[in-house]
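K.L.:
Before I ask anything, let me first share the structure, which is written out below as structure tokens.
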Amino acid sequence: MKSNEIYKIFGTDYTAMTREILERSELSELIGAKDKRIGIKPNLVSPTPPMMGATTHPEVVAGIIEYLQAHGFNNITMMESCYCGGDTMECFEVCGYDKLVEKYGVPFVDAQKCTYTNIETAGMKLKIADCAKDVDFMIGVPVMKGHCQTRITCAIKNMKGMVPADEKRRFHTIGLHEPIGRLLTVVRLDFVVVDHICGDLDFEEGGNPVTCNCVMAGLDPVLIDSYVSKLLHYDVSEVPYIGIAEKLGCGSTDIAGASIVKLGRNGEPDATAPDENLKLTRKTVDLRDALEEVDSCSACYGTLVPVLERLKEEGLLEELLEKIPDHVIHIGQGFQGKTGHVGVGNCTALFEHSAQGCPPSEEDMYDTLISYLNEARLRS
Ligand code: SF4
């Protein structure tokens, strides 16, 4: 496989498709010596089954493990940490990774419980899990998804699972794109297998999966993310961390020079297969107008999005925003110690109305906003 190539294969036997795409990529030759320590990093952001569109299908990881073991690689470790405040081992079980450990004898490391090392990179210090440093070859297995704050998430951002919870929070305070763009200078990512089976193309925590039944593979994470941006109808410049990673030498955004190779049923390139034309969707991005957001954590923002969607579906969002004096709901660490009208999360504790929690539950956010609306109706 060349660095400017991205392979794609379609079907419903995800394990067999993954094995086939890896054979075609000649992954074993890319890895080299059989005793190399190989890391597999799926996306287990939340305790939701992969069919919901947020987490990596275990069938894809099974295909990677079967391929590696069949080629004599047996020093393999899966590793991940979930969203801030979550329990990675709960995600591990809900997503079916306990069965992979049992079936293939491959260990899983909860990176939340790892030791960490501060590494200086391009004028910034990043805290990285030691389990990620202790591998000779890392295979990322992200889900291709939309993201409510960064627009897309795939190969590069998936590696954020290799930083501890406090560091994930800090990423939000220093502007997500800068640290994410530097991630690949401190965490190795040698090969990427993209779960493009049914990711939610709007929201990283899923809920609206879009069935595509595709697995993609490539060597260049920057090129893969550039291609994903294109598939989701964004210009690469609209996802700044991709350009930052390119400037730091982590890959290329040159989509015009990329070769998208669609594999047919026999694993051979099928030049006649048209590429995908995914429907333009901007559900969560559109909801951003309802917010004043400064340095919010994904856990808080991700909880608020379905609340806003629910209020919108119930026809209440517009009325609610009209009744708030500044017409927005506040969220994020940037409001700590500040006052205002309506906010969610402990960071807005001094606001007149605030859903408490770090992050608050979806129900608490909903109840706070509904009770504000009801009180405002009575006042008017
Ligand atoms: S309350 Fe503040 S610190 Fe806690 S999750 Fe929300 S934004 Fe992050």
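The chains in the structure tokens are called A, B, ... from first to last as shown; in each chain the residues are counted from 1, and the ligands are counted from 1 in the order shown.
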Could you list, as a PyMOL selection string, every residue within 12 Å of Ser226 in chain A, counting only C-alpha atoms and ignoring same-chain residues fewer than 2 positions away?
P.N.:
chain A and resi 4+6+144+151-156+220-224+228-243+245-246+251-258
K.L.:
Could you produce a table of the residues of chain A lying within 8 Å of ligand 1, with the nearest pair of atoms per residue and their separation in Å rounded to one decimal, using only C-alpha atoms and all ligand atoms, ordered by chain and increasing residue number, as CSV?
P.N.:
residue,atom,partner,partner_atom_place_in_ligand_line,distance
A:Cys84,CA,ligand 1,5 (S),7.6
A:Arg169,CA,ligand 1,8 (Fe),6.5
A:Asp295,CA,ligand 1,7 (S),6.9
A:Ser296,CA,ligand 1,7 (S),4.1
A:Cys297,CA,ligand 1,8 (Fe),4.2
A:Ser298,CA,ligand 1,5 (S),7.3
A:Ala299,CA,ligand 1,5 (S),5.6
A:Cys300,CA,ligand 1,6 (Fe),4.4
A:Tyr301,CA,ligand 1,6 (Fe),7.3
A:Ile331,CA,ligand 1,7 (S),6.1
A:Gly332,CA,ligand 1,7 (S),3.9
A:Gln333,CA,ligand 1,2 (Fe),4.7
A:Gln336,CA,ligand 1,2 (Fe),7.7
A:Val344,CA,ligand 1,1 (S),7.0
A:Gly345,CA,ligand 1,1 (S),3.6
A:Asn346,CA,ligand 1,1 (S),4.2
A:Cys347,CA,ligand 1,2 (Fe),4.4
A:Thr348,CA,ligand 1,1 (S),7.3
A:Gln356,CA,ligand 1,1 (S),7.6
A:Gly357,CA,ligand 1,1 (S),6.0
A:Cys358,CA,ligand 1,4 (Fe),3.5
A:Pro359,CA,ligand 1,5 (S),4.1
A:Pro360,CA,ligand 1,1 (S),7.1
K.L.:
Residues as selected, N, CA, C and O atoms, written as a short mmCIF file (atom, residue, chain, number, x, y, z; two decimals), in the first residue's frame, can you do that?
P.N.:
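As a result, part.cif now contains:
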data_model
loop_
_atom_site.label_atom_id
_atom_site.label_comp_id
_atom_site.auth_asym_id
_atom_site.auth_seq_id
_atom_site.Cartn_x
_atom_site.Cartn_y
_atom_site.Cartn_z
N CYS A 84 -14.58 11.60 29.45
CA CYS A 84 -14.28 12.06 30.82
C CYS A 84 -15.43 11.69 31.74
O CYS A 84 -16.58 12.01 31.44
N ARG A 169 -9.86 17.28 29.58
CA ARG A 169 -10.51 18.54 29.96
C ARG A 169 -9.63 19.74 29.57
O ARG A 169 -10.11 20.73 29.07
N ASP A 295 -14.88 26.63 25.90
CA ASP A 295 -14.08 25.54 26.49
C ASP A 295 -14.93 24.47 27.16
O ASP A 295 -14.65 24.05 28.29
N SER A 296 -15.98 24.05 26.50
CA SER A 296 -16.81 22.99 27.12
C SER A 296 -16.19 21.63 26.87
O SER A 296 -15.52 21.41 25.86
N CYS A 297 -16.44 20.70 27.80
CA CYS A 297 -15.96 19.33 27.63
C CYS A 297 -16.94 18.57 26.74
O CYS A 297 -18.14 18.85 26.75
N SER A 298 -16.43 17.58 26.03
CA SER A 298 -17.30 16.78 25.15
C SER A 298 -18.42 16.13 25.96
O SER A 298 -19.54 16.00 25.48
N ALA A 299 -18.10 15.71 27.20
CA ALA A 299 -19.11 15.02 28.01
C ALA A 299 -20.31 15.93 28.26
O ALA A 299 -21.46 15.50 28.19
N CYS A 300 -20.04 17.21 28.53
CA CYS A 300 -21.11 18.17 28.82
C CYS A 300 -21.86 18.51 27.52
O CYS A 300 -23.08 18.44 27.44
N TYR A 301 -21.08 18.85 26.51
CA TYR A 301 -21.66 19.26 25.23
C TYR A 301 -22.46 18.10 24.63
O TYR A 301 -23.56 18.26 24.14
N ILE A 331 -22.48 27.19 28.26
CA ILE A 331 -21.85 25.91 28.61
C ILE A 331 -20.34 26.05 28.48
O ILE A 331 -19.85 26.69 27.54
N GLY A 332 -19.62 25.49 29.46
CA GLY A 332 -18.17 25.43 29.31
C GLY A 332 -17.38 25.99 30.47
O GLY A 332 -17.88 26.77 31.29
N GLN A 333 -16.12 25.58 30.52
CA GLN A 333 -15.23 25.98 31.61
C GLN A 333 -14.95 27.48 31.61
O GLN A 333 -14.56 28.04 32.63
N GLN A 336 -16.73 29.55 34.42
CA GLN A 336 -16.48 29.33 35.85
C GLN A 336 -16.31 30.68 36.54
O GLN A 336 -15.56 31.54 36.05
N VAL A 344 -25.59 25.26 31.70
CA VAL A 344 -25.59 23.86 32.12
C VAL A 344 -24.17 23.49 32.58
O VAL A 344 -23.19 23.95 32.01
N GLY A 345 -24.13 22.68 33.65
CA GLY A 345 -22.85 22.22 34.18
C GLY A 345 -22.38 23.07 35.35
O GLY A 345 -22.74 24.25 35.45
N ASN A 346 -21.58 22.44 36.22
CA ASN A 346 -21.08 23.14 37.41
C ASN A 346 -20.32 24.42 37.05
O ASN A 346 -20.21 25.33 37.86
N CYS A 347 -19.79 24.46 35.85
CA CYS A 347 -19.05 25.66 35.44
C CYS A 347 -19.95 26.90 35.39
O CYS A 347 -19.45 28.02 35.44
N THR A 348 -21.25 26.69 35.30
CA THR A 348 -22.17 27.84 35.28
C THR A 348 -22.94 27.92 36.60
O THR A 348 -24.06 28.44 36.64
N GLN A 356 -26.96 21.48 37.47
CA GLN A 356 -25.72 21.13 38.17
C GLN A 356 -25.24 19.72 37.87
O GLN A 356 -26.03 18.80 37.69
N GLY A 357 -23.93 19.56 37.85
CA GLY A 357 -23.30 18.27 37.57
C GLY A 357 -22.08 18.52 36.71
O GLY A 357 -21.92 19.59 36.13
N CYS A 358 -21.22 17.53 36.66
CA CYS A 358 -19.97 17.70 35.91
C CYS A 358 -19.63 16.39 35.17
O CYS A 358 -18.75 15.69 35.59
N PRO A 359 -20.38 16.09 34.10
CA PRO A 359 -21.48 16.87 33.52
C PRO A 359 -22.81 16.53 34.20
O PRO A 359 -22.93 15.47 34.82
N PRO A 360 -23.82 17.38 34.05
CA PRO A 360 -25.16 17.04 34.55
C PRO A 360 -25.76 15.93 33.69
O PRO A 360 -25.31 15.73 32.56
#
K.L.:
For a quick check of understanding, using only C-alpha atoms, which of A:Val61, A:Val163, A:Val305, A:Leu378 has the smallest distance to Thr115 in chain A?
P.N.:
A:Val163
K.L.:
Please provide as a list in words all residues within 7 Å of Val342 in chain A, with the sequence filter that same-chain residues fewer than 4 positions apart are discarded (counting only C-alpha atoms).
P.N.:
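These residues fall inside the cut-off: Ile329, His330, Phe351, Glu352, His353 and Ser354 of chain A.
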K.L.:
Write a file of the just-selected residues containing C-alpha atoms, as an mmCIF file, in the first residue's frame.
P.N.:
data_model
loop_
_atom_site.group_PDB
_atom_site.id
_atom_site.type_symbol
_atom_site.label_atom_id
_atom_site.label_comp_id
_atom_site.auth_asym_id
_atom_site.auth_seq_id
_atom_site.Cartn_x
_atom_site.Cartn_y
_atom_site.Cartn_z
ATOM 1 C CA ILE A 329 -27.702 28.662 26.826
ATOM 2 C CA HIS A 330 -24.200 28.859 28.326
ATOM 3 C CA PHE A 351 -25.824 31.618 36.796
ATOM 4 C CA GLU A 352 -29.426 32.417 37.763
ATOM 5 C CA HIS A 353 -30.487 29.038 36.348
ATOM 6 C CA SER A 354 -27.973 26.228 36.036
#
K.L.:
As a ChimeraX atom specification, please: all residues of range 33-131 of chain A that backbone DSSP puts in alpha helix (DSSP H).
P.N.:
/A:58-70,88-94,97-104,130-131
K.L.:
Could you write those residues out with C-alpha atoms, as an mmCIF file, in the first residue's frame?
P.N.:
data_model
loop_
_atom_site.group_PDB
_atom_site.id
_atom_site.type_symbol
_atom_site.label_atom_id
_atom_site.label_comp_id
_atom_site.auth_asym_id
_atom_site.auth_seq_id
_atom_site.Cartn_x
_atom_site.Cartn_y
_atom_site.Cartn_z
ATOM 1 C CA PRO A 58 -15.820 -5.527 17.579
ATOM 2 C CA GLU A 59 -16.216 -7.497 14.324
ATOM 3 C CA VAL A 60 -13.738 -5.100 12.669
ATOM 4 C CA VAL A 61 -11.233 -5.508 15.499
ATOM 5 C CA ALA A 62 -11.810 -9.287 15.308
ATOM 6 C CA GLY A 63 -10.843 -9.135 11.608
ATOM 7 C CA ILE A 64 -7.624 -7.273 12.506
ATOM 8 C CA ILE A 65 -6.718 -9.766 15.232
ATOM 9 C CA GLU A 66 -7.493 -12.774 12.999
ATOM 10 C CA TYR A 67 -5.339 -11.306 10.244
ATOM 11 C CA LEU A 68 -2.449 -10.565 12.615
ATOM 12 C CA GLN A 69 -2.538 -13.948 14.307
ATOM 13 C CA ALA A 70 -2.753 -15.743 10.936
ATOM 14 C CA THR A 88 -13.979 2.437 30.161
ATOM 15 C CA MET A 89 -14.595 -1.135 31.329
ATOM 16 C CA GLU A 90 -18.349 -0.566 31.095
ATOM 17 C CA CYS A 91 -17.869 0.561 27.466
ATOM 18 C CA PHE A 92 -15.601 -2.469 26.900
ATOM 19 C CA GLU A 93 -18.383 -4.831 27.979
ATOM 20 C CA VAL A 94 -21.324 -3.046 26.364
ATOM 21 C CA TYR A 97 -14.800 -6.389 23.639
ATOM 22 C CA ASP A 98 -14.860 -8.817 26.592
ATOM 23 C CA LYS A 99 -15.746 -11.508 24.050
ATOM 24 C CA LEU A 100 -12.728 -10.597 21.903
ATOM 25 C CA VAL A 101 -10.419 -11.003 24.896
ATOM 26 C CA GLU A 102 -11.975 -14.391 25.609
ATOM 27 C CA LYS A 103 -11.981 -15.639 22.013
ATOM 28 C CA TYR A 104 -8.567 -14.465 20.835
ATOM 29 C CA ASP A 130 2.431 4.890 28.735
ATOM 30 C CA CYS A 131 0.624 1.888 27.199
#
K.L.:
Got a sec: who's within 7 Å of range 313-325 of chain A, counting only C-alpha atoms, leaving out chain neighbours fewer than 4 positions off, as an MDAnalysis selection string?
P.N.:
chainID A and resid 308:309 373 376
K.L.:
Those same residues, written as a PDB file, in the first residue's frame with N, CA and C atoms?
P.N.:
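And here is the file that came out, out37.pdb:
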ATOM      1  N   LEU A 308     -31.187  19.446  23.382  1.00  0.00           N
ATOM      2  CA  LEU A 308     -31.621  20.495  22.443  1.00  0.00           C
ATOM      3  C   LEU A 308     -32.447  19.886  21.310  1.00  0.00           C
ATOM      4  N   GLU A 309     -32.009  18.700  20.847  1.00  0.00           N
ATOM      5  CA  GLU A 309     -32.762  18.033  19.773  1.00  0.00           C
ATOM      6  C   GLU A 309     -34.176  17.712  20.247  1.00  0.00           C
ATOM      7  N   LEU A 373     -38.360  27.623  31.249  1.00  0.00           N
ATOM      8  CA  LEU A 373     -39.377  28.005  30.259  1.00  0.00           C
ATOM      9  C   LEU A 373     -40.732  28.203  30.940  1.00  0.00           C
ATOM     10  N   ALA A 376     -40.752  31.350  32.957  1.00  0.00           N
ATOM     11  CA  ALA A 376     -40.770  32.518  32.069  1.00  0.00           C
ATOM     12  C   ALA A 376     -42.167  32.715  31.469  1.00  0.00           C
TER      13      ALA A 376
END
K.L.:
Within 10 Å of range 136-142 of chain A, which residues of range 207-269 of chain A come that close, and what is the closest atom pair and distance in Å for each? Count only C-alpha atoms and give it as a Markdown table.
P.N.:
| residue | atom | partner | partner_atom | distance |
| --- | --- | --- | --- | --- |
| A:Val215 | CA | A:Val141 | CA | 10.0 |
| A:Met216 | CA | A:Val141 | CA | 9.8 |
| A:Ala217 | CA | A:Val141 | CA | 9.2 |
| A:Leu219 | CA | A:Ile139 | CA | 9.6 |
| A:Pro221 | CA | A:Gly140 | CA | 9.0 |
K.L.:
Can you list, as an NGL selection string, all residues belonging to range 21-231 of chain A that DSSP tags as strand (DSSP E or B)?
P.N.:
:A and (38-42 or 76-80 or 108-110 or 116-121 or 124-129 or 137-141 or 143 or 145-147 or 151-153 or 191-196 or 200 or 209 or 214-218)
